[in-house]
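Scroll down for the structure; my scribbles are underneath it.
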Amino acid sequence: MKHEKILPPPLNYEQPVLNFKARSLHGSREYVDYIPESHLRIWYNTQNEGYATHYHNALEIIVCAENQYTITTNSSAYTLMPGDILIVPPYMLHELHSQPSGARFIYLIDIDMLRCFRDYRALEPAFMEAYLCTASSRPEIYRQVYDSLMRTADLYFSHHVFWEMSIYSVLLELFTTIGTNHYLQSTDKSMEDTADRQSENYALFSNLLDFIDTHYADDLTLEQAAEYIGFSKYHFTRLFKQHTNTTFHNYLCYKRIQAAQSLLTEDRNRPITDVAFCSGFNNLTTFNRCFSKYTNCSPTEYRNKLRHEEV
């Protein structure tokens with residue numbers, strides 16, 4: 001599919017406050033400077049230099065506006081053309097590569113407040129990897145997602161009152177669009193589920209993901225999870241893959257690694273063994289293998305990168 005150059009809207013891209021700090025990178029951790037007394041930051045980036053491998057607790061959205069832009073997340077590389085969108089989940093290591101010229105919108109968003117919504121927590125399986133949204137990869141929702149992001153940029157750079165609440169109202173629409181599409185794409189078309197059946201299954205799996213969030217550190221088994229929502233092991237395995245696009249084991253490991261990353265960040269002197277057990281792993285071999293799978297480095301390497309911040 002031919003990519004058309006999508007120019008940014010004609011706005012003045014000055015930050016809403018004066019003397020705003022540049023991005024602050026210490027070792028591999030970026031300390032996100034949101035607009036004071038707010039929970040987000042957006043800027044129209046035309047820098048030619050790249051940005052070293054890093055992570056942050058904000059969700060990052062990159063919209064390519066001119067030329068192209070390459071982002072590496074863990075072991076995957078994405079080259080964005082004008083109009084393409086990439087969503088990078090919190091704590092995911094990623095690198096922004098330098099370009100001779102170009103422009104892109106970069107959004108950093110605090111999503112902690114969104115996690116109070118069960119619907120957002122049900123959306124998290126879609127963000128186990130970076131989420132690529134282009135006209136060819138997500139034709140059903142691409143235009144809605146792109147338009148929503150441009151609306152948030154309009155609101156941000158307009159400097160109007162209630163701009164933050166207005167932006168989060170648009171973001172809720174955006175995540176609803178992504179979540180609904182993810183859920184509908186995962187349903188079993190051959191079963192021709194009715195709307196009532198889809199709603200019932202969605203409620204079951206939303207409750208299940210809440211259950212996993214609460215009990216990921218326990219010795220949680222597939223059989224226990226299946227019993228929790230009243231399914232047989234076989235039926236549960238098939239439906240879990242349909243609704244989350246991954247296996248129960250992979251999703252449980254993903255949640256445990258998220259917890260381990262948080263523990264390693266909060267206390268850099270905590271023993272690796274303790275981090276593994278507190279995250280739900282009962283042996284270091286499994287922990288190391290799983291951690292490397294989702295972060296592309298070992299727990300020790302991850303910790304060393306964090307400690308480098310203090311040097």
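Starting from 1 in every chain, residues are counted up; chains themselves are A, B, ... following the order of the structure tokens, and ligands are numbered from 1 as listed.
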* To do: Name all residues at most 10 Å from segment 65-73 of chain A (count only C-alpha atoms; drop same-chain ones fewer than 3 positions away) and give them as a ChimeraX atom specification.
  => /A:5-9,44-46,50-51,53-55,62,76-86,88-89,92-105,129-130,295-296
* To do: Excluding Leu114 of chain A and any residue of its chain fewer than 2 positions from it, enumerate the residues within 12 Å of it, using only C-alpha atoms, and give them as an MDAnalysis selection string.
  => chainID A and resid 39 58:59 109:112 116:124 168:169 171:172 175:176
Keeping only N, CA, C and O atoms, take the residues you just selected and write them out as a PDB file, in the first residue's frame.
ATOM      1  N   HIS A  39      -0.456  15.319  33.587  1.00  0.00           N
ATOM      2  CA  HIS A  39      -0.048  13.922  33.484  1.00  0.00           C
ATOM      3  C   HIS A  39       0.331  13.529  32.066  1.00  0.00           C
ATOM      4  O   HIS A  39       0.264  12.357  31.704  1.00  0.00           O
ATOM      5  N   ALA A  58       5.814   5.902  31.559  1.00  0.00           N
ATOM      6  CA  ALA A  58       4.749   6.486  30.748  1.00  0.00           C
ATOM      7  C   ALA A  58       4.501   5.629  29.519  1.00  0.00           C
ATOM      8  O   ALA A  58       5.399   4.935  29.030  1.00  0.00           O
ATOM      9  N   LEU A  59       3.286   5.685  29.013  1.00  0.00           N
ATOM     10  CA  LEU A  59       2.982   5.094  27.715  1.00  0.00           C
ATOM     11  C   LEU A  59       3.404   6.102  26.648  1.00  0.00           C
ATOM     12  O   LEU A  59       3.120   7.298  26.773  1.00  0.00           O
ATOM     13  N   ILE A 109       2.368   9.711  28.118  1.00  0.00           N
ATOM     14  CA  ILE A 109       1.084   9.764  28.825  1.00  0.00           C
ATOM     15  C   ILE A 109       1.141   8.934  30.089  1.00  0.00           C
ATOM     16  O   ILE A 109       1.526   7.751  30.058  1.00  0.00           O
ATOM     17  N   ASP A 110       0.761   9.525  31.191  1.00  0.00           N
ATOM     18  CA  ASP A 110       0.627   8.803  32.455  1.00  0.00           C
ATOM     19  C   ASP A 110      -0.712   8.064  32.418  1.00  0.00           C
ATOM     20  O   ASP A 110      -1.773   8.685  32.346  1.00  0.00           O
ATOM     21  N   ILE A 111      -0.655   6.726  32.453  1.00  0.00           N
ATOM     22  CA  ILE A 111      -1.888   5.945  32.343  1.00  0.00           C
ATOM     23  C   ILE A 111      -2.325   5.350  33.683  1.00  0.00           C
ATOM     24  O   ILE A 111      -3.250   4.536  33.721  1.00  0.00           O
ATOM     25  N   ASP A 112      -1.662   5.750  34.784  1.00  0.00           N
ATOM     26  CA  ASP A 112      -2.024   5.177  36.081  1.00  0.00           C
ATOM     27  C   ASP A 112      -3.500   5.376  36.390  1.00  0.00           C
ATOM     28  O   ASP A 112      -4.165   4.481  36.916  1.00  0.00           O
ATOM     29  N   CYS A 116      -7.662   2.296  36.723  1.00  0.00           N
ATOM     30  CA  CYS A 116      -8.809   2.079  37.608  1.00  0.00           C
ATOM     31  C   CYS A 116     -10.006   1.538  36.831  1.00  0.00           C
ATOM     32  O   CYS A 116     -10.945   1.010  37.423  1.00  0.00           O
ATOM     33  N   PHE A 117      -9.958   1.647  35.502  1.00  0.00           N
ATOM     34  CA  PHE A 117     -11.042   1.129  34.665  1.00  0.00           C
ATOM     35  C   PHE A 117     -10.763  -0.333  34.331  1.00  0.00           C
ATOM     36  O   PHE A 117      -9.692  -0.666  33.818  1.00  0.00           O
ATOM     37  N   ARG A 118     -11.724  -1.184  34.586  1.00  0.00           N
ATOM     38  CA  ARG A 118     -11.556  -2.594  34.233  1.00  0.00           C
ATOM     39  C   ARG A 118     -11.372  -2.757  32.734  1.00  0.00           C
ATOM     40  O   ARG A 118     -10.613  -3.624  32.282  1.00  0.00           O
ATOM     41  N   ASP A 119     -12.035  -1.919  31.946  1.00  0.00           N
ATOM     42  CA  ASP A 119     -11.904  -2.000  30.492  1.00  0.00           C
ATOM     43  C   ASP A 119     -10.467  -1.764  30.060  1.00  0.00           C
ATOM     44  O   ASP A 119      -9.980  -2.413  29.123  1.00  0.00           O
ATOM     45  N   TYR A 120      -9.761  -0.828  30.708  1.00  0.00           N
ATOM     46  CA  TYR A 120      -8.376  -0.594  30.316  1.00  0.00           C
ATOM     47  C   TYR A 120      -7.501  -1.789  30.696  1.00  0.00           C
ATOM     48  O   TYR A 120      -6.626  -2.189  29.933  1.00  0.00           O
ATOM     49  N   ARG A 121      -7.750  -2.353  31.877  1.00  0.00           N
ATOM     50  CA  ARG A 121      -6.958  -3.517  32.276  1.00  0.00           C
ATOM     51  C   ARG A 121      -7.198  -4.679  31.317  1.00  0.00           C
ATOM     52  O   ARG A 121      -6.289  -5.461  31.038  1.00  0.00           O
ATOM     53  N   ALA A 122      -8.418  -4.776  30.785  1.00  0.00           N
ATOM     54  CA  ALA A 122      -8.716  -5.830  29.813  1.00  0.00           C
ATOM     55  C   ALA A 122      -8.015  -5.586  28.482  1.00  0.00           C
ATOM     56  O   ALA A 122      -7.841  -6.511  27.679  1.00  0.00           O
ATOM     57  N   LEU A 123      -7.591  -4.344  28.254  1.00  0.00           N
ATOM     58  CA  LEU A 123      -6.908  -3.992  27.014  1.00  0.00           C
ATOM     59  C   LEU A 123      -5.416  -4.338  27.061  1.00  0.00           C
ATOM     60  O   LEU A 123      -4.765  -4.427  26.017  1.00  0.00           O
ATOM     61  N   GLU A 124      -4.870  -4.559  28.245  1.00  0.00           N
ATOM     62  CA  GLU A 124      -3.428  -4.739  28.386  1.00  0.00           C
ATOM     63  C   GLU A 124      -2.837  -5.875  27.539  1.00  0.00           C
ATOM     64  O   GLU A 124      -1.692  -5.760  27.088  1.00  0.00           O
ATOM     65  N   TYR A 168      -7.782  13.769  27.846  1.00  0.00           N
ATOM     66  CA  TYR A 168      -8.047  12.433  28.382  1.00  0.00           C
ATOM     67  C   TYR A 168      -9.404  11.901  27.920  1.00  0.00           C
ATOM     68  O   TYR A 168      -9.574  10.681  27.787  1.00  0.00           O
ATOM     69  N   SER A 169     -10.357  12.795  27.666  1.00  0.00           N
ATOM     70  CA  SER A 169     -11.638  12.323  27.136  1.00  0.00           C
ATOM     71  C   SER A 169     -11.451  11.739  25.740  1.00  0.00           C
ATOM     72  O   SER A 169     -12.067  10.727  25.379  1.00  0.00           O
ATOM     73  N   LEU A 171      -8.536  10.462  24.681  1.00  0.00           N
ATOM     74  CA  LEU A 171      -7.750   9.243  24.868  1.00  0.00           C
ATOM     75  C   LEU A 171      -8.632   8.067  25.272  1.00  0.00           C
ATOM     76  O   LEU A 171      -8.392   6.929  24.859  1.00  0.00           O
ATOM     77  N   LEU A 172      -9.643   8.330  26.080  1.00  0.00           N
ATOM     78  CA  LEU A 172     -10.580   7.258  26.442  1.00  0.00           C
ATOM     79  C   LEU A 172     -11.278   6.723  25.192  1.00  0.00           C
ATOM     80  O   LEU A 172     -11.468   5.505  25.046  1.00  0.00           O
ATOM     81  N   PHE A 175      -8.609   4.552  23.276  1.00  0.00           N
ATOM     82  CA  PHE A 175      -8.375   3.230  23.841  1.00  0.00           C
ATOM     83  C   PHE A 175      -9.616   2.351  23.727  1.00  0.00           C
ATOM     84  O   PHE A 175      -9.499   1.125  23.620  1.00  0.00           O
ATOM     85  N   THR A 176     -10.786   2.960  23.744  1.00  0.00           N
ATOM     86  CA  THR A 176     -12.018   2.191  23.514  1.00  0.00           C
ATOM     87  C   THR A 176     -12.027   1.621  22.097  1.00  0.00           C
ATOM     88  O   THR A 176     -12.392   0.456  21.880  1.00  0.00           O
TER      89      THR A 176
END
For segment 229-232 of chain A, please output as a compact mmCIF listing (two decimals) with C-alpha atoms, in the first residue's frame all residues within 8 Å (counting only C-alpha atoms; exclusion window: fewer than 3 positions along the same chain).
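part21.txt written:
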# COMPACT_ATOMS: atom_id res chain seq x y z
CA LEU A 204 -15.67 -13.43 32.27
CA PHE A 205 -12.27 -12.62 30.82
CA LEU A 208 -10.09 -13.29 34.98
CA ALA A 225 -7.65 -19.99 36.23
CA ALA A 226 -10.00 -22.21 34.20
CA HIS A 235 -12.14 -24.77 26.51
CA PHE A 236 -10.28 -22.23 28.64
* If you count only C-alpha atoms, which residues fall within 12 Å of Ser292 of chain A, apart from same-chain ones fewer than 3 positions away, as a PyMOL selection string? -> chain A and resi 74-75+93+253-254+257+260-261+284-289+295-302
* To do: Fewer than 4 positions away in the same chain doesn't count, so skip those; otherwise give me all residues within 9 Å of Leu25 of chain A, counting only C-alpha atoms, as a list in words.
  => Arg29, Glu30, Tyr31, Val32, Ala52, His54 and Glu309 of chain A
* In segment 85-254 of chain A, DSSP alpha helix (DSSP H) residues written as a PyMOL selection string -> chain A and resi 118-123+142-158+163-186+195-215+222-228+233-244+248-254
* Which neighbours of Thr152 of chain A fall inside 9 Å, counting only C-alpha atoms, when residues of the same chain fewer than 6 positions from it are skipped, and could you give them as a list in words? -> Ile42, Trp163, Ser166, Ile167, Tyr168, Val170 and Leu171 of chain A
Pull N, CA, C and O atoms from the residues just selected and write them as an mmCIF file, in the first residue's frame.
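Contents of out_2.cif, freshly written:
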data_model
loop_
_atom_site.group_PDB
_atom_site.id
_atom_site.type_symbol
_atom_site.label_atom_id
_atom_site.label_comp_id
_atom_site.auth_asym_id
_atom_site.auth_seq_id
_atom_site.Cartn_x
_atom_site.Cartn_y
_atom_site.Cartn_z
ATOM 1 N N ILE A 42 3.248 16.352 25.100
ATOM 2 C CA ILE A 42 3.254 16.102 23.655
ATOM 3 C C ILE A 42 4.208 17.108 23.031
ATOM 4 O O ILE A 42 4.249 18.262 23.442
ATOM 5 N N TRP A 163 -7.703 21.873 29.072
ATOM 6 C CA TRP A 163 -7.093 21.127 27.976
ATOM 7 C C TRP A 163 -6.762 19.684 28.371
ATOM 8 O O TRP A 163 -6.916 18.770 27.570
ATOM 9 N N SER A 166 -9.885 17.537 28.497
ATOM 10 C CA SER A 166 -10.345 17.348 27.114
ATOM 11 C C SER A 166 -9.525 16.284 26.410
ATOM 12 O O SER A 166 -10.052 15.443 25.683
ATOM 13 N N ILE A 167 -8.198 16.304 26.657
ATOM 14 C CA ILE A 167 -7.323 15.315 26.018
ATOM 15 C C ILE A 167 -7.620 13.918 26.531
ATOM 16 O O ILE A 167 -7.721 12.959 25.748
ATOM 17 N N TYR A 168 -7.782 13.769 27.846
ATOM 18 C CA TYR A 168 -8.047 12.433 28.382
ATOM 19 C C TYR A 168 -9.404 11.901 27.920
ATOM 20 O O TYR A 168 -9.574 10.681 27.787
ATOM 21 N N VAL A 170 -10.551 12.344 24.939
ATOM 22 C CA VAL A 170 -10.259 11.811 23.609
ATOM 23 C C VAL A 170 -9.467 10.513 23.727
ATOM 24 O O VAL A 170 -9.698 9.552 22.981
ATOM 25 N N LEU A 171 -8.536 10.462 24.681
ATOM 26 C CA LEU A 171 -7.750 9.243 24.868
ATOM 27 C C LEU A 171 -8.632 8.067 25.272
ATOM 28 O O LEU A 171 -8.392 6.929 24.859
#
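Look at Tyr156 of chain A: the protein and nucleic acid residues within 10 Å of it, using only C-alpha atoms and passing over chain neighbours fewer than 4 places away, are Tyr13, Glu14, Gln15, Pro16, Leu40, Arg41, Ile42, Trp43, Met150, Arg151, Thr152, His160, Phe162, Trp163, Glu164, Ser166 and Ile167 of chain A.
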Just write the chosen residues, C-alpha atoms, as a compact mmCIF listing (two decimals), in the first residue's frame.
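Contents of again-v3.txt, as written:
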# COMPACT_ATOMS: atom_id res chain seq x y z
CA TYR A 13 3.96 23.86 18.45
CA GLU A 14 5.19 25.72 21.51
CA GLN A 15 4.85 24.03 24.88
CA PRO A 16 2.05 25.40 27.11
CA LEU A 40 1.12 14.17 29.89
CA ARG A 41 3.44 15.81 27.44
CA ILE A 42 3.25 16.10 23.66
CA TRP A 43 5.77 17.67 21.34
CA MET A 150 -4.35 14.73 15.98
CA ARG A 151 -7.25 16.04 18.07
CA THR A 152 -5.19 15.58 21.23
CA HIS A 160 -7.13 26.49 26.18
CA PHE A 162 -9.52 22.38 30.61
CA TRP A 163 -7.09 21.13 27.98
CA GLU A 164 -5.95 18.14 30.03
CA SER A 166 -10.35 17.35 27.11
CA ILE A 167 -7.32 15.32 26.02
